[in-house]
>>> print(open('run04.cif').read())   # mmCIF, C-alpha atoms
data_query
#
loop_
_atom_site.label_atom_id
_atom_site.label_comp_id
_atom_site.auth_asym_id
_atom_site.auth_seq_id
_atom_site.Cartn_x
_atom_site.Cartn_y
_atom_site.Cartn_z
CA MET J 447 228.26 158.50 232.04
CA ASP J 448 229.03 161.67 233.96
CA LYS J 449 231.47 161.06 236.82
CA ILE J 450 231.27 163.20 239.96
CA VAL J 451 232.94 163.26 243.37
CA GLU J 452 231.57 161.57 246.49
CA VAL J 453 232.50 163.56 249.63
CA ASP J 454 231.99 163.50 253.38
CA PHE J 455 230.51 166.24 255.60
CA LEU J 456 233.84 168.11 255.56
CA ASP J 457 234.02 168.00 251.73
CA ASN J 458 236.84 165.46 251.81
CA THR J 459 237.06 163.45 248.59
CA ILE J 460 236.05 159.79 248.95
CA ARG J 461 235.74 158.36 245.43
CA GLU J 462 234.59 158.99 241.90
CA ILE J 463 231.02 157.85 241.18
CA THR J 464 228.51 158.32 238.40
CA LYS J 465 225.96 161.11 238.68
CA GLU J 466 223.21 158.55 238.17
CA ILE J 467 224.32 156.40 241.15
CA ALA J 468 224.76 159.47 243.38
CA HIS J 469 221.21 160.61 242.73
CA LYS J 470 219.62 157.15 242.72
CA ASP J 471 221.29 156.01 245.96
CA GLY J 472 221.35 159.39 247.76
CA ILE J 473 225.16 159.60 248.07
CA MET J 474 226.63 162.91 249.24
CA HIS J 475 228.59 164.52 246.43
CA ARG J 476 230.33 167.80 245.60
CA ALA J 477 228.37 170.43 243.69
CA PHE J 478 228.40 174.15 243.02
CA SER J 479 225.85 176.90 242.41
CA VAL J 480 226.73 180.18 240.68
CA ILE J 481 224.83 183.42 241.14
CA LEU J 482 225.59 186.45 238.99
CA TYR J 483 224.35 189.87 240.00
CA SER J 484 224.22 193.37 238.57
CA GLY J 485 223.05 196.20 240.79
CA ASN J 486 219.84 195.06 242.53
CA SER J 487 219.22 192.18 240.12
CA ILE J 488 220.37 188.61 239.76
CA LEU J 489 220.40 186.38 236.71
CA ILE J 490 218.22 183.30 237.18
CA GLN J 491 217.53 180.40 234.87
CA GLN J 492 214.62 178.06 234.36
CA ARG J 493 215.91 174.50 234.17
CA ALA J 494 215.26 172.63 230.93
CA LEU J 495 211.88 170.92 231.04
CA ASP J 496 213.36 167.45 230.44
CA LYS J 497 215.91 167.52 233.29
CA TYR J 498 215.76 164.32 235.35
CA HIS J 499 214.79 166.39 238.39
CA CYS J 500 213.51 169.93 238.87
CA GLY J 501 212.75 170.37 235.17
CA GLY J 502 211.04 173.71 234.56
CA LEU J 503 211.86 175.12 238.01
CA TRP J 504 213.66 178.44 238.42
CA THR J 505 217.09 178.48 240.03
CA ASN J 506 220.45 180.24 240.22
CA THR J 507 222.44 181.34 237.16
CA CYS J 508 224.00 177.89 236.77
CA CYS J 509 224.83 174.81 238.81
CA SER J 510 226.53 171.48 238.34
CA HIS J 511 229.21 169.14 239.68
CA PRO J 512 232.98 169.36 239.28
CA HIS J 513 234.84 166.52 237.61
CA TRP J 514 237.35 164.40 239.52
CA ASN J 515 240.35 166.58 240.52
CA GLU J 516 238.72 169.69 239.04
CA ASN J 517 238.95 172.90 241.06
CA ILE J 518 235.53 174.28 242.10
CA ASN J 519 236.17 177.71 240.58
CA ASP J 520 237.37 176.21 237.29
CA ALA J 521 234.37 173.85 237.16
CA ALA J 522 231.95 176.70 237.88
CA LYS J 523 233.48 178.87 235.14
CA ARG J 524 233.36 175.94 232.71
CA ARG J 525 229.66 175.31 233.35
CA LEU J 526 228.81 179.03 233.31
CA SER J 527 230.22 179.11 229.79
CA GLU J 528 228.55 175.83 228.74
CA GLU J 529 225.10 176.64 230.18
CA MET J 530 224.85 180.40 229.67
CA GLY J 531 227.64 181.43 227.27
CA ILE J 532 229.09 183.65 230.00
CA GLU J 533 232.66 184.36 231.04
CA ALA J 534 232.80 186.13 234.41
CA GLU J 535 234.97 186.42 237.47
CA ILE J 536 233.44 184.55 240.40
CA GLU J 537 234.42 183.78 243.97
CA GLU J 538 233.17 181.33 246.55
CA LEU J 539 230.93 182.95 249.14
CA PHE J 540 229.95 179.94 251.29
CA SER J 541 229.15 176.23 251.19
CA PHE J 542 226.44 174.10 252.77
CA THR J 543 224.98 170.61 252.67
CA TYR J 544 221.42 169.67 251.90
CA TYR J 545 219.34 166.56 251.35
CA TYR J 546 216.18 166.43 249.26
CA LYS J 547 214.21 163.39 248.03
CA PHE J 548 212.19 163.99 244.87
CA GLU J 549 208.85 162.43 243.99
CA ASN J 550 210.50 160.47 241.16
CA GLY J 551 212.67 158.61 243.71
CA LEU J 552 215.90 160.49 242.99
CA THR J 553 217.76 162.22 245.81
CA GLU J 554 219.99 165.26 246.02
CA PHE J 555 222.53 165.00 248.83
CA GLU J 556 225.06 167.68 248.08
CA TYR J 557 227.95 169.56 249.56
CA ASP J 558 227.21 172.71 247.56
CA HIS J 559 229.77 175.48 247.02
CA VAL J 560 228.07 178.81 246.27
CA LEU J 561 229.96 181.23 244.05
CA VAL J 562 229.02 184.81 243.17
CA GLY J 563 230.14 187.35 240.64
CA GLU J 564 229.19 190.68 239.18
CA PHE J 565 228.22 190.58 235.52
CA ASP J 566 226.40 192.93 233.17
CA GLY J 567 227.05 191.42 229.77
CA LYS J 568 225.01 189.32 227.38
CA PHE J 569 224.14 185.67 227.84
CA GLU J 570 223.03 182.91 225.51
CA ILE J 571 221.37 179.92 227.12
CA ASN J 572 222.12 176.34 226.13
CA LYS J 573 218.62 174.97 225.47
CA GLN J 574 219.71 171.48 226.65
CA GLU J 575 220.40 172.98 230.08
CA ALA J 576 217.92 175.84 230.45
CA ALA J 577 214.47 176.62 229.09
CA ASP J 578 214.77 180.33 229.88
CA ALA J 579 216.81 182.89 231.81
CA LYS J 580 216.23 186.45 232.95
CA TRP J 581 217.44 189.26 235.14
CA ILE J 582 215.14 189.86 238.09
CA ASP J 583 215.07 192.52 240.78
CA ILE J 584 215.84 191.05 244.22
CA LYS J 585 212.64 192.44 245.79
CA GLU J 586 210.51 191.02 242.97
CA LEU J 587 212.28 187.66 243.33
CA GLN J 588 211.70 187.61 247.10
CA ASP J 589 207.98 188.23 246.60
CA TRP J 590 207.78 185.52 243.94
CA MET J 591 209.65 182.99 246.09
CA LYS J 592 207.48 183.76 249.11
CA ASN J 593 204.23 183.39 247.17
CA LYS J 594 205.21 180.47 244.92
CA PRO J 595 208.15 178.57 246.46
CA TYR J 596 207.21 175.45 244.48
CA GLU J 597 208.38 177.21 241.29
CA PHE J 598 212.01 177.14 242.54
CA THR J 599 214.62 174.45 243.14
CA PRO J 600 215.06 173.39 246.78
CA TRP J 601 218.73 174.47 246.90
CA PHE J 602 217.91 177.92 245.50
CA ILE J 603 215.45 178.52 248.35
CA ILE J 604 218.25 177.67 250.82
CA ILE J 605 220.82 179.85 249.05
CA MET J 606 218.83 183.04 248.51
CA PRO J 607 218.65 184.45 252.07
CA ARG J 608 222.46 184.47 252.26
CA ILE J 609 222.79 185.92 248.76
CA ILE J 610 220.33 188.71 249.59
CA SER J 611 222.21 189.46 252.81
CA TYR J 612 225.53 189.51 250.94
CA LEU J 613 224.22 191.85 248.24
CA LYS J 614 222.64 194.15 250.83
CA LYS J 615 225.94 194.42 252.75
CA LEU J 616 227.82 194.95 249.50
CA LYS J 617 225.46 197.73 248.48
CA ASP J 618 225.71 199.35 251.94
CA VAL J 619 229.50 199.35 251.65
CA LEU J 620 229.54 200.64 248.07
CA ASN J 621 226.66 203.14 248.50
CA PRO J 622 226.45 204.02 252.20
CA ASN J 623 224.17 207.06 251.66
CA GLU J 624 221.43 205.22 249.71
#
>>> encode(input="run04.cif", output="structure tokens")
Amino acid sequence: MDKIVEVDFLDNTIREITKEIAHKDGIMHRAFSVILYSGNSILIQQRALDKYHCGGLWTNTCCSHPHWNENINDAAKRRLSEEMGIEAEIEELFSFTYYYKFENGLTEFEYDHVLVGEFDGKFEINKQEAADAKWIDIKELQDWMKNKPYEFTPWFIIIMPRIISYLKKLKDVLNPNE
């Protein structure tokens, strides 16, 4: 059974628990979400259809939970490699908490660390983790999310406004005359 880390609202470690118990009982736990970008595009993935929640929904480049005593950045790089076959430099941009109860009775209650990185290489998805993946222009993604929000994971909808703002500021700094 996968073991993850129960935390409080300040991300203080409480105990090690199984992923199954965390999601069944709605226990707050540590998680991370990675978003890779290149120019005006980000790399998104469609979760594997048989995932125990959000199967088939589109989301960030990769996401998961760190192991007990595992650094967030190390855990995110590990999963980026396992899910997408990618090695990239990433840094934490922000963190937030969210709670979401799914129709199947499972609950996400996460303290989610959001990491970003620039990447323009190749990727190879792990079919156990993702059904598909693609680069998408930010404007096209915004339109898609506005018109069909039910095709995306709940945490991705929360994350994207801050990611878009970050990328816009980054572009303004790097290309002030555009």
>>> resolve_selection(input="run04.cif", expression="the PyMOL selection byres ((chain J and resi 597) around 10)", output="short mmCIF file (atom, residue, chain, number, x, y, z; two decimals) with C-alpha atoms, in the frame of the given file")
data_model
loop_
_atom_site.label_atom_id
_atom_site.label_comp_id
_atom_site.auth_asym_id
_atom_site.auth_seq_id
_atom_site.Cartn_x
_atom_site.Cartn_y
_atom_site.Cartn_z
CA GLN J 492 214.62 178.06 234.36
CA CYS J 500 213.51 169.93 238.87
CA GLY J 502 211.04 173.71 234.56
CA LEU J 503 211.86 175.12 238.01
CA TRP J 504 213.66 178.44 238.42
CA THR J 505 217.09 178.48 240.03
CA TRP J 590 207.78 185.52 243.94
CA MET J 591 209.65 182.99 246.09
CA ASN J 593 204.23 183.39 247.17
CA LYS J 594 205.21 180.47 244.92
CA PRO J 595 208.15 178.57 246.46
CA TYR J 596 207.21 175.45 244.48
CA PHE J 598 212.01 177.14 242.54
CA THR J 599 214.62 174.45 243.14
CA PRO J 600 215.06 173.39 246.78
#
>>> resolve_selection(input="run04.cif", expression="the PyMOL selection byres ((chain J and resi 532) around 12)", output="number ranges by chain")
J: 480-482, 489, 507-508, 522-531, 533-536, 563-572
>>> write_last_selection(input="run04.cif", atoms="C-alpha atoms", output="PDB file, keeping the file's coordinate frame")
ATOM      1  CA  VAL J 480     226.730 180.180 240.680  1.00  0.00           C
ATOM      2  CA  ILE J 481     224.830 183.420 241.140  1.00  0.00           C
ATOM      3  CA  LEU J 482     225.590 186.450 238.990  1.00  0.00           C
ATOM      4  CA  LEU J 489     220.400 186.380 236.710  1.00  0.00           C
ATOM      5  CA  THR J 507     222.440 181.340 237.160  1.00  0.00           C
ATOM      6  CA  CYS J 508     224.000 177.890 236.770  1.00  0.00           C
ATOM      7  CA  ALA J 522     231.950 176.700 237.880  1.00  0.00           C
ATOM      8  CA  LYS J 523     233.480 178.870 235.140  1.00  0.00           C
ATOM      9  CA  ARG J 524     233.360 175.940 232.710  1.00  0.00           C
ATOM     10  CA  ARG J 525     229.660 175.310 233.350  1.00  0.00           C
ATOM     11  CA  LEU J 526     228.810 179.030 233.310  1.00  0.00           C
ATOM     12  CA  SER J 527     230.220 179.110 229.790  1.00  0.00           C
ATOM     13  CA  GLU J 528     228.550 175.830 228.740  1.00  0.00           C
ATOM     14  CA  GLU J 529     225.100 176.640 230.180  1.00  0.00           C
ATOM     15  CA  MET J 530     224.850 180.400 229.670  1.00  0.00           C
ATOM     16  CA  GLY J 531     227.640 181.430 227.270  1.00  0.00           C
ATOM     17  CA  GLU J 533     232.660 184.360 231.040  1.00  0.00           C
ATOM     18  CA  ALA J 534     232.800 186.130 234.410  1.00  0.00           C
ATOM     19  CA  GLU J 535     234.970 186.420 237.470  1.00  0.00           C
ATOM     20  CA  ILE J 536     233.440 184.550 240.400  1.00  0.00           C
ATOM     21  CA  GLY J 563     230.140 187.350 240.640  1.00  0.00           C
ATOM     22  CA  GLU J 564     229.190 190.680 239.180  1.00  0.00           C
ATOM     23  CA  PHE J 565     228.220 190.580 235.520  1.00  0.00           C
ATOM     24  CA  ASP J 566     226.400 192.930 233.170  1.00  0.00           C
ATOM     25  CA  GLY J 567     227.050 191.420 229.770  1.00  0.00           C
ATOM     26  CA  LYS J 568     225.010 189.320 227.380  1.00  0.00           C
ATOM     27  CA  PHE J 569     224.140 185.670 227.840  1.00  0.00           C
ATOM     28  CA  GLU J 570     223.030 182.910 225.510  1.00  0.00           C
ATOM     29  CA  ILE J 571     221.370 179.920 227.120  1.00  0.00           C
ATOM     30  CA  ASN J 572     222.120 176.340 226.130  1.00  0.00           C
TER      31      ASN J 572
END
>>> atom_distance(input="run04.cif", atom1="atom CA of Val560 of chain J", atom2="atom CA of His475 of chain J")
14.3 Å
>>> resolve_selection(input="run04.cif", expression="the PyMOL selection byres ((chain J and resi 486) around 8)", output="list in words")
Tyr483, Ser484, Gly485, Ser487, Ile488, Asp583, Ile584 and Leu613 of chain J
>>> atom_distance(input="run04.cif", atom1="atom CA of Val562 of chain J", atom2="atom CA of Gln588 of chain J")
18.0 Å
>>> closest_residue(input="run04.cif", among="J:Phe602, J:Gln574, J:His559, J:Arg493", to="Leu587 of chain J", atoms="all atoms listed in the file")
J:Phe602
>>> residues_around(input="run04.cif", residues="Leu561 of chain J", least_positions_apart="4", cutoff="6 Å", atoms="all atoms listed in the file", output="list in words")
Val480, Glu537, Glu538 and Leu539 of chain J
>>> write_last_selection(input="run04.cif", atoms="C-alpha atoms", output="PDB file, in the frame of the given file")
ATOM      1  CA  VAL J 480     226.730 180.180 240.680  1.00  0.00           C
ATOM      2  CA  GLU J 537     234.420 183.780 243.970  1.00  0.00           C
ATOM      3  CA  GLU J 538     233.170 181.330 246.550  1.00  0.00           C
ATOM      4  CA  LEU J 539     230.930 182.950 249.140  1.00  0.00           C
TER       5      LEU J 539
END
>>> atom_distance(input="run04.cif", atom1="atom CA of Asn515 of chain J", atom2="atom CA of Val453 of chain J")
12.4 Å
>>> closest_residue(input="run04.cif", among="J:Pro512, J:Ala494, J:Lys614, J:Tyr546", to="Glu452 of chain J", atoms="only C-alpha atoms")
J:Pro512
>>> residues_around(input="run04.cif", residues="segment 460-474 of chain J", least_positions_apart="4", cutoff="9 Å", atoms="all atoms listed in the file", output="list in words")
Met447, Asp448, Lys449, Ile450, Val451, Glu452, Val453, Asp454, Phe455, His511, His513, Trp514, Thr543, Tyr544, Tyr545, Tyr546, Lys547, Gly551, Leu552, Thr553, Glu554, Phe555, Glu556 and Tyr557 of chain J
>>> closest_residue(input="run04.cif", among="J:Ser479, J:Asn550, J:Ser541, J:Thr459", to="Ala521 of chain J", atoms="all atoms listed in the file")
J:Ser479
>>> closest_residue(input="run04.cif", among="J:Pro607, J:Phe542, J:Asp558, J:Asn506", to="Ile490 of chain J", atoms="all atoms listed in the file")
J:Asn506
>>> closest_residue(input="run04.cif", among="J:Lys615, J:Ala576, J:Trp601, J:Ile610", to="Leu495 of chain J", atoms="only C-alpha atoms")
J:Ala576
>>> closest_residue(input="run04.cif", among="J:Arg476, J:Asp520, J:Lys617, J:Gln491", to="Ile582 of chain J", atoms="only C-alpha atoms")
J:Gln491
